[in-house]
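Structure file model-v7.cif (mmCIF, C-alpha atoms) is printed below.
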data_target
#
loop_
_atom_site.group_PDB
_atom_site.id
_atom_site.type_symbol
_atom_site.label_atom_id
_atom_site.label_comp_id
_atom_site.auth_asym_id
_atom_site.auth_seq_id
_atom_site.Cartn_x
_atom_site.Cartn_y
_atom_site.Cartn_z
ATOM 1 C CA MET A 1 11.277 46.487 4.951
ATOM 2 C CA ASN A 2 9.969 48.451 1.966
ATOM 3 C CA PHE A 3 10.709 46.612 -1.301
ATOM 4 C CA GLU A 4 8.532 47.911 -4.162
ATOM 5 C CA ILE A 5 8.104 46.273 -7.575
ATOM 6 C CA ILE A 6 8.171 49.054 -10.185
ATOM 7 C CA HIS A 7 8.036 47.119 -13.456
ATOM 8 C CA ARG A 8 7.893 43.523 -14.723
ATOM 9 C CA GLU A 9 8.612 42.373 -18.255
ATOM 10 C CA SER A 10 8.640 38.883 -19.719
ATOM 11 C CA HIS A 11 11.975 38.023 -21.372
ATOM 12 C CA TYR A 12 11.581 34.319 -22.108
ATOM 13 C CA GLN A 13 8.742 31.827 -22.172
ATOM 14 C CA GLY A 14 9.787 28.190 -22.137
ATOM 15 C CA ARG A 15 8.278 24.759 -21.663
ATOM 16 C CA ALA A 16 9.100 24.509 -17.959
ATOM 17 C CA PHE A 17 9.363 28.122 -16.834
ATOM 18 C CA ASN A 18 9.239 31.783 -17.817
ATOM 19 C CA VAL A 19 11.832 34.440 -17.062
ATOM 20 C CA GLU A 20 10.893 37.995 -16.151
ATOM 21 C CA ARG A 21 13.034 41.083 -15.702
ATOM 22 C CA VAL A 22 11.800 42.787 -12.537
ATOM 23 C CA GLU A 23 12.740 46.326 -11.587
ATOM 24 C CA ALA A 24 12.379 47.094 -7.892
ATOM 25 C CA ARG A 25 12.824 50.070 -5.597
ATOM 26 C CA LEU A 26 15.039 49.067 -2.688
ATOM 27 C CA PRO A 27 14.465 50.154 0.946
ATOM 28 C CA ASP A 28 17.125 52.869 0.580
ATOM 29 C CA GLY A 29 15.391 54.361 -2.494
ATOM 30 C CA ARG A 30 17.738 53.020 -5.172
ATOM 31 C CA THR A 31 16.420 50.802 -7.963
ATOM 32 C CA ASN A 32 17.766 47.465 -9.148
ATOM 33 C CA SER A 33 16.863 44.930 -11.841
ATOM 34 C CA TYR A 34 16.480 41.207 -11.183
ATOM 35 C CA ASP A 35 15.818 38.118 -13.254
ATOM 36 C CA LEU A 36 12.906 36.120 -11.841
ATOM 37 C CA ILE A 37 12.008 32.596 -12.904
ATOM 38 C CA GLN A 38 8.243 32.000 -12.864
ATOM 39 C CA HIS A 39 7.837 28.286 -12.188
ATOM 40 C CA ASN A 40 4.831 26.153 -11.231
ATOM 41 C CA ASN A 41 4.826 24.799 -7.701
ATOM 42 C CA SER A 42 6.052 21.258 -7.144
ATOM 43 C CA VAL A 43 6.026 18.253 -4.836
ATOM 44 C CA THR A 44 8.562 15.835 -3.457
ATOM 45 C CA ILE A 45 7.599 12.522 -1.945
ATOM 46 C CA LEU A 46 9.417 10.391 0.615
ATOM 47 C CA PRO A 47 8.036 6.881 -0.015
ATOM 48 C CA ILE A 48 8.810 4.381 2.736
ATOM 49 C CA ASP A 49 7.774 0.747 2.428
ATOM 50 C CA GLU A 50 6.766 -1.777 5.087
ATOM 51 C CA LYS A 51 10.375 -3.051 5.296
ATOM 52 C CA GLY A 52 11.678 0.403 6.257
ATOM 53 C CA ASN A 53 13.184 1.238 2.866
ATOM 54 C CA ILE A 54 13.022 4.712 1.377
ATOM 55 C CA TRP A 55 12.494 4.731 -2.389
ATOM 56 C CA PHE A 56 14.650 7.003 -4.520
ATOM 57 C CA VAL A 57 15.108 7.714 -8.181
ATOM 58 C CA GLU A 58 18.475 8.096 -9.845
ATOM 59 C CA GLN A 59 18.498 10.275 -12.923
ATOM 60 C CA TYR A 60 20.706 12.539 -14.981
ATOM 61 C CA ARG A 61 20.251 16.225 -14.168
ATOM 62 C CA LEU A 62 21.455 18.766 -16.692
ATOM 63 C CA GLY A 63 22.207 21.458 -14.083
ATOM 64 C CA SER A 64 24.636 19.184 -12.252
ATOM 65 C CA MET A 65 25.865 17.425 -15.409
ATOM 66 C CA ASN A 66 25.635 14.233 -13.381
ATOM 67 C CA ASN A 67 23.335 11.486 -12.130
ATOM 68 C CA LEU A 68 21.709 12.397 -8.825
ATOM 69 C CA LEU A 69 20.019 10.274 -6.185
ATOM 70 C CA GLU A 70 16.716 12.010 -5.388
ATOM 71 C CA LEU A 71 13.346 11.418 -3.856
ATOM 72 C CA PRO A 72 10.512 11.200 -6.402
ATOM 73 C CA ALA A 73 9.300 14.686 -7.281
ATOM 74 C CA GLY A 74 7.620 16.711 -9.955
ATOM 75 C CA VAL A 75 5.886 19.866 -11.031
ATOM 76 C CA LEU A 76 2.212 20.413 -10.298
ATOM 77 C CA ASN A 77 -0.109 20.798 -13.248
ATOM 78 C CA ASN A 78 -2.042 24.084 -13.453
ATOM 79 C CA GLY A 79 -4.733 24.030 -10.762
ATOM 80 C CA GLU A 80 -3.596 20.674 -9.348
ATOM 81 C CA GLU A 81 -3.682 20.287 -5.567
ATOM 82 C CA PRO A 82 -0.341 19.298 -3.970
ATOM 83 C CA GLU A 83 -1.650 15.996 -2.556
ATOM 84 C CA THR A 84 -3.071 15.019 -5.964
ATOM 85 C CA GLY A 85 0.240 15.848 -7.625
ATOM 86 C CA ALA A 86 2.178 13.863 -5.027
ATOM 87 C CA ALA A 87 -0.062 10.819 -5.559
ATOM 88 C CA ARG A 88 0.475 11.068 -9.330
ATOM 89 C CA GLU A 89 4.231 11.640 -9.193
ATOM 90 C CA VAL A 90 4.987 8.694 -6.893
ATOM 91 C CA ARG A 91 3.120 6.410 -9.310
ATOM 92 C CA GLU A 92 4.878 7.864 -12.371
ATOM 93 C CA GLU A 93 8.375 7.768 -10.923
ATOM 94 C CA ILE A 94 8.542 4.580 -8.851
ATOM 95 C CA GLY A 95 5.421 2.680 -9.935
ATOM 96 C CA LEU A 96 3.958 2.582 -6.430
ATOM 97 C CA SER A 97 0.802 4.139 -5.066
ATOM 98 C CA ALA A 98 0.545 5.461 -1.517
ATOM 99 C CA GLY A 99 -2.321 4.313 0.678
ATOM 100 C CA LYS A 100 -1.476 7.276 2.908
ATOM 101 C CA LEU A 101 0.101 10.654 2.149
ATOM 102 C CA GLN A 102 1.113 12.872 5.053
ATOM 103 C CA LYS A 103 2.304 16.427 4.515
ATOM 104 C CA LEU A 104 5.782 16.946 5.953
ATOM 105 C CA GLY A 105 6.230 20.621 5.163
ATOM 106 C CA GLU A 106 6.641 23.185 2.432
ATOM 107 C CA TYR A 107 9.422 25.495 1.273
ATOM 108 C CA TYR A 108 10.812 27.641 -1.523
ATOM 109 C CA LEU A 109 13.518 25.948 -3.560
ATOM 110 C CA ALA A 110 15.483 29.040 -4.616
ATOM 111 C CA PRO A 111 13.658 32.189 -3.443
ATOM 112 C CA GLY A 112 16.440 34.500 -4.588
ATOM 113 C CA TYR A 113 15.464 34.006 -8.227
ATOM 114 C CA SER A 114 12.497 31.613 -8.523
ATOM 115 C CA THR A 115 8.826 31.508 -7.504
ATOM 116 C CA GLU A 116 8.811 27.685 -7.247
ATOM 117 C CA PHE A 117 7.268 26.513 -3.973
ATOM 118 C CA MET A 118 7.546 22.842 -2.975
ATOM 119 C CA TYR A 119 5.322 20.639 -0.840
ATOM 120 C CA ALA A 120 6.897 17.566 0.791
ATOM 121 C CA PHE A 121 4.918 14.423 1.605
ATOM 122 C CA LEU A 122 5.577 11.149 3.401
ATOM 123 C CA ALA A 123 4.079 8.237 1.436
ATOM 124 C CA THR A 124 3.268 4.979 3.262
ATOM 125 C CA ASP A 125 1.126 1.868 2.704
ATOM 126 C CA LEU A 126 2.739 1.454 -0.705
ATOM 127 C CA HIS A 127 1.470 -0.950 -3.332
ATOM 128 C CA THR A 128 2.193 -1.535 -7.016
ATOM 129 C CA ASP A 129 0.184 0.829 -9.221
ATOM 130 C CA PRO A 130 2.351 2.310 -11.989
ATOM 131 C CA LEU A 131 1.535 5.201 -14.280
ATOM 132 C CA GLN A 132 3.351 5.880 -17.548
ATOM 133 C CA PRO A 133 6.431 8.010 -16.778
ATOM 134 C CA ASP A 134 7.032 11.278 -18.601
ATOM 135 C CA GLU A 135 8.530 10.592 -22.022
ATOM 136 C CA ASP A 136 11.743 12.506 -21.250
ATOM 137 C CA GLU A 137 12.408 10.724 -17.928
ATOM 138 C CA PHE A 138 14.989 7.959 -17.793
ATOM 139 C CA ILE A 139 15.173 6.923 -14.164
ATOM 140 C CA ASN A 140 16.291 4.000 -12.060
ATOM 141 C CA THR A 141 14.572 3.255 -8.765
ATOM 142 C CA VAL A 142 16.591 2.467 -5.662
ATOM 143 C CA ALA A 143 15.254 1.326 -2.266
ATOM 144 C CA ILE A 144 17.584 2.026 0.679
ATOM 145 C CA PRO A 145 17.021 1.212 4.381
ATOM 146 C CA VAL A 146 16.281 4.321 6.481
ATOM 147 C CA LYS A 147 19.424 3.994 8.629
ATOM 148 C CA GLU A 148 21.598 3.716 5.509
ATOM 149 C CA VAL A 149 19.935 6.780 3.982
ATOM 150 C CA TYR A 150 20.915 9.023 6.883
ATOM 151 C CA LYS A 151 24.492 7.658 6.767
ATOM 152 C CA ILE A 152 24.628 8.558 3.076
ATOM 153 C CA VAL A 153 23.361 12.057 3.930
ATOM 154 C CA GLU A 154 25.990 12.490 6.658
ATOM 155 C CA LYS A 155 28.722 11.514 4.170
ATOM 156 C CA GLY A 156 27.522 14.266 1.820
ATOM 157 C CA GLU A 157 26.594 11.826 -0.932
ATOM 158 C CA ILE A 158 23.133 13.276 -1.597
ATOM 159 C CA LYS A 159 23.492 16.548 -3.500
ATOM 160 C CA ASP A 160 19.823 17.325 -4.202
ATOM 161 C CA SER A 161 18.386 20.086 -1.993
ATOM 162 C CA LYS A 162 14.716 19.032 -2.153
ATOM 163 C CA THR A 163 15.714 15.513 -1.088
ATOM 164 C CA LEU A 164 17.808 16.794 1.806
ATOM 165 C CA ALA A 165 14.999 19.111 2.976
ATOM 166 C CA ALA A 166 12.369 16.340 2.847
ATOM 167 C CA LEU A 167 14.658 13.903 4.685
ATOM 168 C CA LEU A 168 15.180 16.492 7.422
ATOM 169 C CA LEU A 169 11.443 17.121 7.728
ATOM 170 C CA ALA A 170 10.708 13.370 7.823
ATOM 171 C CA LYS A 171 13.251 12.505 10.491
ATOM 172 C CA ARG A 172 10.742 13.045 13.334
ATOM 173 C CA PHE A 173 8.343 10.571 11.676
ATOM 174 C CA ILE A 174 10.764 7.846 10.575
ATOM 175 C CA GLY A 175 13.626 8.083 13.036
#

Here is the file; what I need is its structure written in the form of C-alpha coordinates.
Amino acid sequence: MNFEIIHRESHYQGRAFNVERVEARLPDGRTNSYDLIQHNNSVTILPIDEKGNIWFVEQYRLGSMNNLLELPAGVLNNGEEPETGAAREVREEIGLSAGKLQKLGEYYLAPGYSTEFMYAFLATDLHTDPLQPDEDEFINTVAIPVKEVYKIVEKGEIKDSKTLAALLLAKRFIG
(Lines of atoms letter the chains of each structure in order from A and count residues from 1; the text may use other names and numbers.)
(Lines give C-alpha, C1' and ligand atoms only; values in the text may rest on other atoms or scores of the structure.)
Protein backbone atom coordinates (compact mmCIF):
# COMPACT_ATOMS: atom_id res chain seq x y z
CA MET A 1 0.00 0.00 0.00
CA ASN A 2 1.47 3.35 -1.06
CA PHE A 3 1.03 5.96 1.70
CA GLU A 4 3.38 8.93 1.19
CA ILE A 5 4.11 11.67 3.74
CA ILE A 6 4.15 14.99 1.86
CA HIS A 7 4.59 17.52 4.66
CA ARG A 8 4.94 17.65 8.46
CA GLU A 9 4.52 20.71 10.64
CA SER A 10 4.71 21.07 14.40
CA HIS A 11 1.54 22.59 15.88
CA TYR A 12 2.10 22.17 19.61
CA GLN A 13 5.01 21.31 21.86
CA GLY A 14 4.07 20.26 25.37
CA ARG A 15 5.64 18.69 28.43
CA ALA A 16 4.55 15.14 27.62
CA PHE A 17 4.10 15.16 23.85
CA ASN A 18 4.19 17.18 20.64
CA VAL A 19 1.46 17.41 18.02
CA GLU A 20 2.22 17.54 14.31
CA ARG A 21 -0.04 18.17 11.34
CA VAL A 22 0.90 15.59 8.72
CA GLU A 23 -0.21 15.80 5.11
CA ALA A 24 -0.15 12.48 3.27
CA ARG A 25 -0.86 11.21 -0.23
CA LEU A 26 -3.26 8.28 -0.01
CA PRO A 27 -2.99 5.11 -2.15
CA ASP A 28 -5.70 6.43 -4.50
CA GLY A 29 -3.78 9.70 -5.11
CA ARG A 30 -5.88 11.99 -2.91
CA THR A 31 -4.29 13.91 -0.04
CA ASN A 32 -5.44 14.13 3.56
CA SER A 33 -4.26 15.88 6.73
CA TYR A 34 -3.82 14.12 10.07
CA ASP A 35 -2.91 15.13 13.59
CA LEU A 36 -0.05 13.01 14.93
CA ILE A 37 1.03 12.91 18.56
CA GLN A 38 4.80 12.46 18.92
CA HIS A 39 5.27 10.69 22.25
CA ASN A 40 8.26 8.95 23.84
CA ASN A 41 8.04 5.18 24.09
CA SER A 42 6.88 3.68 27.37
CA VAL A 43 6.82 0.58 29.56
CA THR A 44 4.27 -1.30 31.59
CA ILE A 45 5.21 -3.78 34.25
CA LEU A 46 3.27 -6.74 35.62
CA PRO A 47 4.81 -7.28 39.09
CA ILE A 48 3.90 -10.59 40.70
CA ASP A 49 5.07 -11.45 44.20
CA GLU A 50 5.95 -14.79 45.78
CA LYS A 51 2.38 -15.15 47.12
CA GLY A 52 0.90 -14.95 43.60
CA ASN A 53 -0.37 -11.38 43.88
CA ILE A 54 -0.20 -8.94 41.00
CA TRP A 55 0.60 -5.38 42.07
CA PHE A 56 -1.45 -2.53 40.64
CA VAL A 57 -1.66 1.19 41.06
CA GLU A 58 -4.90 3.10 41.36
CA GLN A 59 -4.76 6.69 40.19
CA TYR A 60 -6.87 9.46 38.75
CA ARG A 61 -6.59 9.76 34.97
CA LEU A 62 -7.68 12.99 33.36
CA GLY A 63 -8.71 11.36 30.06
CA SER A 64 -11.20 9.09 31.81
CA MET A 65 -12.13 11.65 34.48
CA ASN A 66 -11.96 8.75 36.92
CA ASN A 67 -9.67 6.59 39.05
CA LEU A 68 -8.33 3.62 37.12
CA LEU A 69 -6.78 0.36 38.28
CA GLU A 70 -3.60 -0.08 36.22
CA LEU A 71 -0.34 -1.93 36.16
CA PRO A 72 2.69 0.25 36.98
CA ALA A 73 3.85 2.05 33.85
CA GLY A 74 5.67 5.10 32.62
CA VAL A 75 7.38 6.95 29.84
CA LEU A 76 10.97 6.19 28.91
CA ASN A 77 13.49 8.97 29.30
CA ASN A 78 15.34 10.02 26.12
CA GLY A 79 17.82 7.27 25.24
CA GLU A 80 16.68 5.00 28.08
CA GLU A 81 16.49 1.27 27.33
CA PRO A 82 13.07 -0.33 27.98
CA GLU A 83 14.37 -2.74 30.64
CA THR A 84 16.07 0.12 32.51
CA GLY A 85 12.87 2.16 32.38
CA ALA A 86 10.81 -0.79 33.60
CA ALA A 87 13.17 -1.33 36.55
CA ARG A 88 12.91 2.37 37.45
CA GLU A 89 9.14 2.65 37.06
CA VAL A 90 8.31 -0.37 39.23
CA ARG A 91 10.42 1.13 42.03
CA GLU A 92 8.85 4.59 41.63
CA GLU A 93 5.26 3.40 41.48
CA ILE A 94 5.03 0.49 43.91
CA GLY A 95 8.28 0.76 45.89
CA LEU A 96 9.48 -2.70 44.87
CA SER A 97 12.48 -3.73 42.82
CA ALA A 98 12.43 -6.74 40.50
CA GLY A 99 15.15 -9.35 40.80
CA LYS A 100 14.05 -10.54 37.36
CA LEU A 101 12.44 -8.71 34.44
CA GLN A 102 11.14 -10.75 31.52
CA LYS A 103 9.89 -9.10 28.35
CA LEU A 104 6.30 -10.10 27.61
CA GLY A 105 5.80 -8.23 24.36
CA GLU A 106 5.52 -4.83 22.74
CA TYR A 107 2.76 -2.87 21.02
CA TYR A 108 1.52 0.52 19.87
CA LEU A 109 -0.97 2.13 22.22
CA ALA A 110 -2.94 4.18 19.68
CA PRO A 111 -1.31 3.88 16.24
CA GLY A 112 -4.07 5.84 14.52
CA TYR A 113 -2.81 9.09 16.01
CA SER A 114 0.25 8.48 18.23
CA THR A 115 3.83 7.25 17.84
CA GLU A 116 3.94 5.86 21.41
CA PHE A 117 5.27 2.30 21.48
CA MET A 118 5.03 0.27 24.71
CA TYR A 119 7.15 -2.56 26.06
CA ALA A 120 5.56 -4.93 28.60
CA PHE A 121 7.56 -6.77 31.25
CA LEU A 122 6.87 -9.41 33.88
CA ALA A 123 8.60 -8.50 37.16
CA THR A 124 9.37 -11.26 39.69
CA ASP A 125 11.64 -11.79 42.71
CA LEU A 126 10.30 -8.57 44.20
CA HIS A 127 11.84 -6.86 47.20
CA THR A 128 11.41 -3.48 48.88
CA ASP A 129 13.51 -0.80 47.17
CA PRO A 130 11.51 2.41 46.69
CA LEU A 131 12.41 5.41 44.57
CA GLN A 132 10.82 8.83 44.98
CA PRO A 133 7.63 8.93 42.87
CA ASP A 134 7.07 11.68 40.32
CA GLU A 135 5.85 14.82 42.07
CA ASP A 136 2.53 14.86 40.18
CA GLU A 137 1.67 11.21 40.93
CA PHE A 138 -0.82 10.42 43.66
CA ILE A 139 -1.25 6.66 43.59
CA ASN A 140 -2.43 3.86 45.81
CA THR A 141 -0.94 0.39 45.46
CA VAL A 142 -3.16 -2.68 45.40
CA ALA A 143 -2.05 -6.33 45.42
CA ILE A 144 -4.62 -8.79 44.00
CA PRO A 145 -4.31 -12.59 43.66
CA VAL A 146 -3.82 -13.71 40.03
CA LYS A 147 -7.11 -15.66 39.87
CA GLU A 148 -9.03 -12.63 41.17
CA VAL A 149 -7.35 -10.37 38.61
CA TYR A 150 -8.61 -12.40 35.67
CA LYS A 151 -12.13 -12.47 37.19
CA ILE A 152 -12.02 -8.68 37.43
CA VAL A 153 -10.92 -8.53 33.77
CA GLU A 154 -13.76 -10.84 32.69
CA LYS A 155 -16.27 -8.59 34.49
CA GLY A 156 -14.98 -5.60 32.50
CA GLU A 157 -13.77 -3.77 35.59
CA ILE A 158 -10.32 -2.92 34.23
CA LYS A 159 -10.63 -0.11 31.68
CA ASP A 160 -6.95 0.56 30.96
CA SER A 161 -5.76 -0.81 27.60
CA LYS A 162 -2.06 -1.20 28.47
CA THR A 163 -3.03 -3.20 31.56
CA LEU A 164 -5.37 -5.44 29.59
CA ALA A 165 -2.73 -6.04 26.89
CA ALA A 166 -0.02 -6.91 29.44
CA LEU A 167 -2.36 -9.25 31.34
CA LEU A 168 -3.17 -11.05 28.09
CA LEU A 169 0.52 -11.39 27.21
CA ALA A 170 1.36 -12.64 30.72
CA LYS A 171 -1.35 -15.28 30.89
CA ARG A 172 0.92 -17.98 29.40
CA PHE A 173 3.51 -17.29 32.13
CA ILE A 174 1.26 -16.90 35.18
CA GLY A 175 -1.78 -19.00 34.37

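With all atoms listed in the file as the atoms that count, the residue of A:Lys51, A:His39, A:Arg172, A:Lys162 with the shortest distance to Ala143 in chain A is A:Lys51.
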
Starting from the PyMOL selection byres ((chain A and resi 72) around 9), expand the selection into actual residues of this file and give them as a PDB file with C-alpha atoms, in the coordinates of the input.
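Printed below is selection.pdb as written:
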ATOM      1  CA  VAL A  43       6.026  18.253  -4.836  1.00  0.00           C
ATOM      2  CA  THR A  44       8.562  15.835  -3.457  1.00  0.00           C
ATOM      3  CA  ILE A  45       7.599  12.522  -1.945  1.00  0.00           C
ATOM      4  CA  LEU A  46       9.417  10.391   0.615  1.00  0.00           C
ATOM      5  CA  PRO A  47       8.036   6.881  -0.015  1.00  0.00           C
ATOM      6  CA  TRP A  55      12.494   4.731  -2.389  1.00  0.00           C
ATOM      7  CA  PHE A  56      14.650   7.003  -4.520  1.00  0.00           C
ATOM      8  CA  VAL A  57      15.108   7.714  -8.181  1.00  0.00           C
ATOM      9  CA  GLU A  70      16.716  12.010  -5.388  1.00  0.00           C
ATOM     10  CA  LEU A  71      13.346  11.418  -3.856  1.00  0.00           C
ATOM     11  CA  ALA A  73       9.300  14.686  -7.281  1.00  0.00           C
ATOM     12  CA  GLY A  74       7.620  16.711  -9.955  1.00  0.00           C
ATOM     13  CA  ALA A  86       2.178  13.863  -5.027  1.00  0.00           C
ATOM     14  CA  GLU A  89       4.231  11.640  -9.193  1.00  0.00           C
ATOM     15  CA  VAL A  90       4.987   8.694  -6.893  1.00  0.00           C
ATOM     16  CA  GLU A  92       4.878   7.864 -12.371  1.00  0.00           C
ATOM     17  CA  GLU A  93       8.375   7.768 -10.923  1.00  0.00           C
ATOM     18  CA  ILE A  94       8.542   4.580  -8.851  1.00  0.00           C
ATOM     19  CA  THR A 163      15.714  15.513  -1.088  1.00  0.00           C
TER      20      THR A 163
END

Coordinates-based distance that separates CA of Leu101 in chain A from CA of Arg88 in chain A (Å, one decimal):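 Computed distance, CA of Arg88 in chain A to CA of Leu101 in chain A, equals 11.5 Å.
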
Shortest interatomic distance to Asp134 in chain A - which of A:Lys171, A:Tyr113, A:Tyr107, A:Val75, counting all atoms listed in the file: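 Looking at the shortest contact to Asp134 in chain A, the residue is A:Val75.
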
Which range 6-110 of chain A residues have any atom within 7 Å of an atom of range 144-147 of chain A, and for each, what is the nearest pair of atoms with distance in Å to one decimal, counting all atoms listed in the file, rows sorted by chain and number, as CSV?
residue,atom,partner,partner_atom,distance
A:Gly52,CA,A:Pro145,CA,5.7
A:Asn53,CA,A:Pro145,CA,4.1
A:Ile54,CA,A:Ile144,CA,5.3
A:Trp55,CA,A:Ile144,CA,6.5

Resolved residues for the PyMOL selection byres ((chain A and resi 125) around 8) as a ChimeraX atom specification: /A:49-50,98-100,123-124,126-127

Output check: residues returned by the PyMOL selection byres ((chain A and resi 16) around 10), as a PyMOL selection string: chain A and resi 13-15+17-18+37-40+75

Go ahead and save the picked residues with C-alpha atoms, as a PDB file, in the frame of the given file.
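Contents of the output file selection_26.pdb:
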ATOM      1  CA  GLN A  13       8.742  31.827 -22.172  1.00  0.00           C
ATOM      2  CA  GLY A  14       9.787  28.190 -22.137  1.00  0.00           C
ATOM      3  CA  ARG A  15       8.278  24.759 -21.663  1.00  0.00           C
ATOM      4  CA  PHE A  17       9.363  28.122 -16.834  1.00  0.00           C
ATOM      5  CA  ASN A  18       9.239  31.783 -17.817  1.00  0.00           C
ATOM      6  CA  ILE A  37      12.008  32.596 -12.904  1.00  0.00           C
ATOM      7  CA  GLN A  38       8.243  32.000 -12.864  1.00  0.00           C
ATOM      8  CA  HIS A  39       7.837  28.286 -12.188  1.00  0.00           C
ATOM      9  CA  ASN A  40       4.831  26.153 -11.231  1.00  0.00           C
ATOM     10  CA  VAL A  75       5.886  19.866 -11.031  1.00  0.00           C
TER      11      VAL A  75
END

Six-sided padding of 4 Å per side, axis-aligned box over range 152-168 of chain A, centre and edges in Å, one decimal, as AutoDock Vina command-line options:
--center_x 20.5 --center_y 14.3 --center_z 1.6 --size_x 24.4 --size_y 19.5 --size_z 19.6

Spatial neighbours of Pro82 in chain A, max dist 9 Å, only C-alpha atoms, sep filter under 5 positions, as a list of chain:residue names: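 Near neighbours after the sequence-gap exclusion: A:Asn41, A:Ser42, A:Val43, A:Leu76, A:Ala87, A:Met118, A:Tyr119, A:Ala120.
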
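Counting from CA of Arg25 in chain A, the distance to CA of Met1 in chain A is 11.2 Å.
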
Pairwise distance for CA of Glu80 in chain A and CA of Phe117 in chain A, rounded to one decimal in Å: 13.5 Å

Nearest to Thr115 in chain A, chosen from A:Asp35, A:His11, A:Gly156, A:Arg30, with only C-alpha atoms counted in the distances: A:Asp35

A:Thr31, A:Asn140, A:Asn78, A:Asn2 ranked by distance to Gln59 in chain A, top pick (using all atoms listed in the file):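 The answer is A:Asn140, which sits nearest to Gln59 in chain A.
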
Option closest in space to Glu137 in chain A, from A:Gly95, A:Glu157, A:Arg61, A:Glu106 [counting all atoms listed in the file]: A:Arg61

From A:Leu164, A:Ser10, A:Leu36, A:Ile48, residue lying nearest Ile152 in chain A [only C-alpha atoms]: A:Leu164
